[in-house]
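Heads up, the thing below is written out as structure tokens.
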Amino acid sequence: MAPPSFILQAHGLARSFSGRSAVNGISLELRRGEVLGFLGPNGAGKSTTMRMLAGNLRPDAGAVRVCDIDLFGNPVAAKARLGYLPETPPLYRDMSVDDYLKFVAKLHRAKSGALDDTKARCGLSEVGKRPIGSLSKGYQQRVGIAQAIIHQPDVIILDEPTAGLDPNQIREIRLLIRELGDNHGVILSTHILSEVESICDRVEILHRGRLVYSGDVDAMRGARAIEAGFKNPPAPGELESIEGVASVEILSPHLFCLRHSPDMDPSEAVIRMASERGWGLQRINPAKSGIEDVFAELTREES
Amino acid sequence: MIPTLAAREIRALFATPLAWIVLAILQAILAWIFLARLDAFLGVQAQLQNVLNPPGVTEWIAAPLYSAASMIFMMIIPLLTMRLVADERRNQTLPLLLSAPISPAQIILGKFLGLMAFLLAGVFLVLLMSLSLLAGGKLDFGLLIANATGLILLAASFSAIGLYISCLTKHPFLAGIGGIGALLALWAVSFSGGSGSFFLAISPASHFESFNQGLFDTGDVAYFLLCIALFLTLSVWTLEGMES
């Protein structure tokens, strides 16, 4: 039997809280081996959507299928294939890490041996005997991730997995998520743009309860603009005439932003012409990432 | 799955001093009553021999002991049930259970049975205390078993009621106060009306009384079982509602 192509499908999810719509008609799909980033400003509906995807919240409308099992029609079978880390890790603070993970493993009917594997994977081997409440935030977050992956679920849903961690811990957690993305499907939410760029394959941008953008991170990442600074700046018209440059924006008298199509990078031509015509090139570099542009544009509040 | 959940509840109980304190208070108060009744019994024993069909030691000491235990349970069971669900909501650990491949009914039953295992230990201590009377004489085992059965059914009903109230709030303290209030109210209504009245019929205290006198009435058993089933079902519904 061939595995289903999508391990998670959501269709037309909608949910409101006491009359105020939080999520309005979200549909998405996730494949195995994919890390999907949920990006959006605070209050965009990320957590609400993830709670529904994890079967913790019943949607007003719409359906979720996990590995082709209806999450709300057959919750027990569907939840066996889900791992979920909510915004606040669901930890029993008075239990030791070992006891807690053993309990979770039993709840999820994880394979024997899963405990040690998961602990090693999440870097928890050293703290097994300690009560969870005495651990640092970074370790608590790792325990939270460990409980979500201990049963090797097909779909892993992580709500802001790196929130509140220091830069080193963030890097470790990102590496772990990237690794998980090879064999599972991962959905993670964040409002950190660089996080999406560094670990996600695909990004969905949410704004006011709706999906406003969906696309490959690689396509977005491809710098579509370069910044160039000159000591003796040429007329903007001269820059515009360079092959591949679509438009020129003057950032300061000496600094220009050159927009171009993704498949045509004019950097080389700019360098050549700068040396030929004595513009005195001072710097040339890709402009800020595409994601940032897209995000700012799509989630701008109407004022 | 249910035993896993029950085992965690028992561990959580003993992780705090509360469980030990509860057991200690129960034992201390019951020991006091036990000794007081024993003292009184020894005082009147001589006169009792002249009475036709005199009350036995079980009736004189053990039955009041169980009656007292039922009153103490009314006060302490809400303290034990209050955190069952409310605490999970306050600490935001409920998603762990809601995302696991288990049904709300399993969650409720696991919590209920975990607490019952603890309360059975409490009943067992009362039973042991009454059995110590064997050292000095014979016991009416029928009366003793009726009392123990009644106390277990009563504890289960109180637990189910307390568990349901714990599902209704995020604050364990409110759940505790609410539970004690509800159980006190159910006890108080038994004072109004004569036999056959509605209030007497819904009060757990009046149904426990027949067990306390050594009466095995299927009506009383049915009352307790219905009460347990009703409040466990209500708890499951409330938990299901938390997803929405």
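Quick note on naming: the chains in the structure tokens go A, B, ... in the order shown, residues restart at 1 in each chain, and ligands are numbered from 1 in order of appearance.
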Could the residues of chain B that have an atom at most 12 Å from chain A be listed as CSV, each with its closest atom pair and the distance in Å to one decimal, counting only C-alpha atoms and ordered by chain and ascending residue number?
```
residue,atom,partner,partner_atom,distance
B:Met1,CA,A:Leu107,CA,6.4
B:Ile2,CA,A:Leu107,CA,9.3
B:Pro3,CA,A:Lys106,CA,10.2
B:Thr4,CA,A:Lys106,CA,7.0
B:Leu5,CA,A:Leu107,CA,8.1
B:Ala6,CA,A:Phe103,CA,11.0
B:Ala7,CA,A:Phe103,CA,9.4
B:Arg8,CA,A:Phe103,CA,7.7
B:Glu9,CA,A:Phe103,CA,11.2
B:Arg11,CA,A:Met95,CA,9.0
B:Ala12,CA,A:Asp94,CA,8.1
B:Leu13,CA,A:Asp94,CA,11.0
B:Phe14,CA,A:Asp94,CA,10.9
B:Ala15,CA,A:Asp94,CA,7.3
B:Thr16,CA,A:Asp94,CA,9.0
B:Asp87,CA,A:Tyr92,CA,10.3
B:Glu88,CA,A:Pro90,CA,8.8
B:Arg89,CA,A:Pro90,CA,10.0
B:Arg90,CA,A:Pro90,CA,10.7
B:Asn91,CA,A:Pro90,CA,7.6
B:Gln92,CA,A:Pro90,CA,5.9
B:Thr93,CA,A:Pro90,CA,4.0
B:Leu94,CA,A:Pro90,CA,7.0
B:Pro95,CA,A:Asn56,CA,6.5
B:Leu96,CA,A:Pro90,CA,5.8
B:Leu97,CA,A:Leu107,CA,8.2
B:Leu98,CA,A:Asn56,CA,5.9
B:Ser99,CA,A:Lys79,CA,6.1
B:Ala100,CA,A:His108,CA,6.0
B:Pro101,CA,A:Val76,CA,4.3
B:Ile102,CA,A:Val76,CA,5.7
B:Ser103,CA,A:Val76,CA,6.6
B:Pro104,CA,A:Val76,CA,10.1
B:Ala105,CA,A:Val76,CA,11.8
B:Gln106,CA,A:Leu107,CA,10.9
B:Ile107,CA,A:Leu107,CA,10.5
B:Gly110,CA,A:Leu107,CA,11.6
B:Leu239,CA,A:Asn56,CA,11.0
B:Glu240,CA,A:Arg58,CA,9.6
B:Gly241,CA,A:Arg58,CA,8.9
B:Met242,CA,A:Leu57,CA,7.7
B:Glu243,CA,A:Leu57,CA,4.3
B:Ser244,CA,A:Arg58,CA,4.8
```
message: List the spatial neighbours of Pro161 in chain A as a VMD selection string - criterion: any atom at most 8 Å away, only C-alpha atoms, same-chain residues fewer than 6 positions off excluded.
response: chain A and resid 85 87 141 145 173 188 to 190
Residue nearest Ile157 in chain A - candidates A:Ala14, A:Ser47, A:Glu292, A:Arg208, atoms counted: only C-alpha atoms: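 Comparing A:Ala14, A:Ser47, A:Glu292, A:Arg208 against Ile157 in chain A, the winner is A:Ser47.
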message: Residues within 9 Å of Met264 in chain A, please, as an MDAnalysis selection string. Count only C-alpha atoms; anything in the same chain fewer than 5 positions from it doesn't count.
response: chainID A and resid 243:245
Saved selection, atoms kept: N, CA and C atoms, as a PDB file, in the first residue's frame:
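Resulting contents of part_8.pdb:
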```pdb
ATOM      1  N   GLU A 243      21.325  45.506 -17.770  1.00  0.00           N
ATOM      2  CA  GLU A 243      20.479  44.354 -18.107  1.00  0.00           C
ATOM      3  C   GLU A 243      20.046  43.614 -16.847  1.00  0.00           C
ATOM      4  N   GLY A 244      18.771  43.326 -16.729  1.00  0.00           N
ATOM      5  CA  GLY A 244      18.260  42.564 -15.590  1.00  0.00           C
ATOM      6  C   GLY A 244      17.672  43.437 -14.505  1.00  0.00           C
ATOM      7  N   VAL A 245      18.028  44.701 -14.453  1.00  0.00           N
ATOM      8  CA  VAL A 245      17.490  45.582 -13.409  1.00  0.00           C
ATOM      9  C   VAL A 245      16.084  46.020 -13.796  1.00  0.00           C
TER      10      VAL A 245
END
```
Non-local contacts of Ala148 in chain B (12 Å; only C-alpha atoms; under 3 positions in same chain excluded) as an mmCIF file with N, CA and C atoms, in the first residue's frame:
```cif
data_model
loop_
_atom_site.group_PDB
_atom_site.id
_atom_site.type_symbol
_atom_site.label_atom_id
_atom_site.label_comp_id
_atom_site.auth_asym_id
_atom_site.auth_seq_id
_atom_site.Cartn_x
_atom_site.Cartn_y
_atom_site.Cartn_z
ATOM 1 N N ALA B 62 -18.189 -0.144 66.248
ATOM 2 C CA ALA B 62 -17.835 -0.064 64.831
ATOM 3 C C ALA B 62 -18.812 0.798 64.039
ATOM 4 N N ALA B 63 -20.108 0.633 64.287
ATOM 5 C CA ALA B 63 -21.096 1.389 63.508
ATOM 6 C C ALA B 63 -20.916 2.903 63.686
ATOM 7 N N LEU B 65 -18.247 4.378 64.358
ATOM 8 C CA LEU B 65 -16.968 4.685 63.722
ATOM 9 C C LEU B 65 -17.167 4.967 62.232
ATOM 10 N N TYR B 66 -17.947 4.104 61.591
ATOM 11 C CA TYR B 66 -18.212 4.291 60.156
ATOM 12 C C TYR B 66 -19.052 5.523 59.910
ATOM 13 N N SER B 67 -19.965 5.768 60.826
ATOM 14 C CA SER B 67 -20.792 6.963 60.690
ATOM 15 C C SER B 67 -19.903 8.217 60.735
ATOM 16 N N ALA B 69 -16.709 8.291 60.024
ATOM 17 C CA ALA B 69 -15.876 8.304 58.821
ATOM 18 C C ALA B 69 -16.642 8.918 57.656
ATOM 19 N N SER B 70 -17.960 8.637 57.582
ATOM 20 C CA SER B 70 -18.740 9.189 56.468
ATOM 21 C C SER B 70 -18.784 10.715 56.544
ATOM 22 N N LEU B 119 -8.849 6.211 48.362
ATOM 23 C CA LEU B 119 -9.910 6.202 49.377
ATOM 24 C C LEU B 119 -10.146 4.789 49.922
ATOM 25 N N LEU B 120 -9.942 3.791 49.047
ATOM 26 C CA LEU B 120 -10.078 2.411 49.527
ATOM 27 C C LEU B 120 -9.070 2.139 50.639
ATOM 28 N N ALA B 121 -7.884 2.735 50.489
ATOM 29 C CA ALA B 121 -6.887 2.594 51.553
ATOM 30 C C ALA B 121 -7.425 3.200 52.843
ATOM 31 N N GLY B 122 -8.136 4.329 52.721
ATOM 32 C CA GLY B 122 -8.739 4.960 53.887
ATOM 33 C C GLY B 122 -9.787 4.059 54.536
ATOM 34 N N VAL B 123 -10.644 3.484 53.716
ATOM 35 C CA VAL B 123 -11.682 2.574 54.229
ATOM 36 C C VAL B 123 -11.026 1.361 54.889
ATOM 37 N N PHE B 124 -9.952 0.904 54.277
ATOM 38 C CA PHE B 124 -9.241 -0.259 54.808
ATOM 39 C C PHE B 124 -8.707 0.029 56.218
ATOM 40 N N LEU B 125 -8.237 1.267 56.421
ATOM 41 C CA LEU B 125 -7.727 1.641 57.745
ATOM 42 C C LEU B 125 -8.848 1.597 58.788
ATOM 43 N N VAL B 126 -10.023 2.063 58.408
ATOM 44 C CA VAL B 126 -11.176 2.019 59.322
ATOM 45 C C VAL B 126 -11.529 0.566 59.634
ATOM 46 N N LEU B 127 -11.480 -0.247 58.577
ATOM 47 C CA LEU B 127 -11.801 -1.669 58.743
ATOM 48 C C LEU B 127 -10.814 -2.324 59.708
ATOM 49 N N LEU B 128 -9.521 -2.006 59.517
ATOM 50 C CA LEU B 128 -8.489 -2.575 60.395
ATOM 51 C C LEU B 128 -8.745 -2.200 61.846
ATOM 52 N N MET B 129 -9.146 -0.937 62.050
ATOM 53 C CA MET B 129 -9.392 -0.478 63.402
ATOM 54 C C MET B 129 -10.528 -1.278 64.024
ATOM 55 N N SER B 130 -11.586 -1.516 63.260
ATOM 56 C CA SER B 130 -12.694 -2.292 63.830
ATOM 57 C C SER B 130 -12.278 -3.740 64.072
ATOM 58 N N LEU B 131 -11.427 -4.250 63.176
ATOM 59 C CA LEU B 131 -11.012 -5.651 63.331
ATOM 60 C C LEU B 131 -10.166 -5.854 64.591
ATOM 61 N N PHE B 141 -19.858 -9.756 61.680
ATOM 62 C CA PHE B 141 -19.232 -9.480 60.380
ATOM 63 C C PHE B 141 -20.211 -8.971 59.354
ATOM 64 N N GLY B 142 -21.459 -9.391 59.439
ATOM 65 C CA GLY B 142 -22.471 -8.884 58.514
ATOM 66 C C GLY B 142 -22.573 -7.374 58.624
ATOM 67 N N LEU B 143 -22.688 -6.904 59.860
ATOM 68 C CA LEU B 143 -22.806 -5.466 60.105
ATOM 69 C C LEU B 143 -21.551 -4.734 59.617
ATOM 70 N N LEU B 144 -20.395 -5.353 59.872
ATOM 71 C CA LEU B 144 -19.128 -4.735 59.497
ATOM 72 C C LEU B 144 -19.006 -4.611 57.977
ATOM 73 N N ILE B 145 -19.376 -5.683 57.272
ATOM 74 C CA ILE B 145 -19.267 -5.666 55.808
ATOM 75 C C ILE B 145 -20.259 -4.669 55.208
ATOM 76 N N LEU B 151 -19.663 2.606 53.065
ATOM 77 C CA LEU B 151 -18.667 3.682 53.084
ATOM 78 C C LEU B 151 -17.963 3.798 51.734
ATOM 79 N N ILE B 152 -17.683 2.648 51.112
ATOM 80 C CA ILE B 152 -17.028 2.676 49.791
ATOM 81 C C ILE B 152 -17.962 3.319 48.760
ATOM 82 N N LEU B 153 -19.233 2.914 48.778
ATOM 83 C CA LEU B 153 -20.179 3.493 47.818
ATOM 84 C C LEU B 153 -20.339 4.992 48.051
ATOM 85 N N LEU B 154 -20.376 5.367 49.326
ATOM 86 C CA LEU B 154 -20.513 6.779 49.662
ATOM 87 C C LEU B 154 -19.287 7.566 49.174
ATOM 88 N N ALA B 155 -18.098 7.016 49.422
ATOM 89 C CA ALA B 155 -16.866 7.685 48.997
ATOM 90 C C ALA B 155 -16.840 7.828 47.480
ATOM 91 N N PHE B 208 -26.860 6.036 53.195
ATOM 92 C CA PHE B 208 -25.753 5.400 53.931
ATOM 93 C C PHE B 208 -26.252 4.867 55.269
ATOM 94 N N PHE B 211 -27.062 1.210 55.418
ATOM 95 C CA PHE B 211 -25.845 0.383 55.496
ATOM 96 C C PHE B 211 -25.282 0.429 56.914
ATOM 97 N N ASN B 212 -25.346 1.606 57.507
ATOM 98 C CA ASN B 212 -24.798 1.800 58.842
ATOM 99 C C ASN B 212 -25.520 0.928 59.870
ATOM 100 N N GLN B 213 -26.812 0.664 59.595
ATOM 101 C CA GLN B 213 -27.574 -0.191 60.508
ATOM 102 C C GLN B 213 -27.479 -1.661 60.115
ATOM 103 N N GLY B 214 -26.714 -1.926 59.057
ATOM 104 C CA GLY B 214 -26.536 -3.311 58.651
ATOM 105 C C GLY B 214 -27.538 -3.779 57.627
ATOM 106 N N LEU B 215 -28.272 -2.834 57.011
ATOM 107 C CA LEU B 215 -29.288 -3.202 56.021
ATOM 108 C C LEU B 215 -28.698 -3.139 54.620
ATOM 109 N N PHE B 216 -28.782 -4.222 53.900
ATOM 110 C CA PHE B 216 -28.381 -4.261 52.489
ATOM 111 C C PHE B 216 -29.623 -4.065 51.651
#
```
message: Env of range 29-46 of chain A: 9 Å cut, atoms = only C-alpha atoms, seq-sep filter 3 positions within chain, self excluded. Answer as number ranges by chain.
response: A: 4-11, 22-24, 49-51, 154-155, 159, 177-178, 180-193, 195-196, 199-210, 295, 299
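Distance check against Glu59 in chain B using only C-alpha atoms: of B:Phe198, B:Trp237, B:Phe73, B:Phe41, the minimum falls on B:Phe41.
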field: Interatomic distance (Å, one decimal) between CA of Lys111 in chain B and CA of Leu84 in chain B
entry: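 Separation between CA of Lys111 in chain B and CA of Leu84 in chain B: 6.8 Å.
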- prompt: With only C-alpha atoms as the basis for distance, which of A:Gly138, A:Gly19, A:Pro286, A:Gly113 is at the shortest distance from Pro167 in chain A?
  reply: A:Gly138
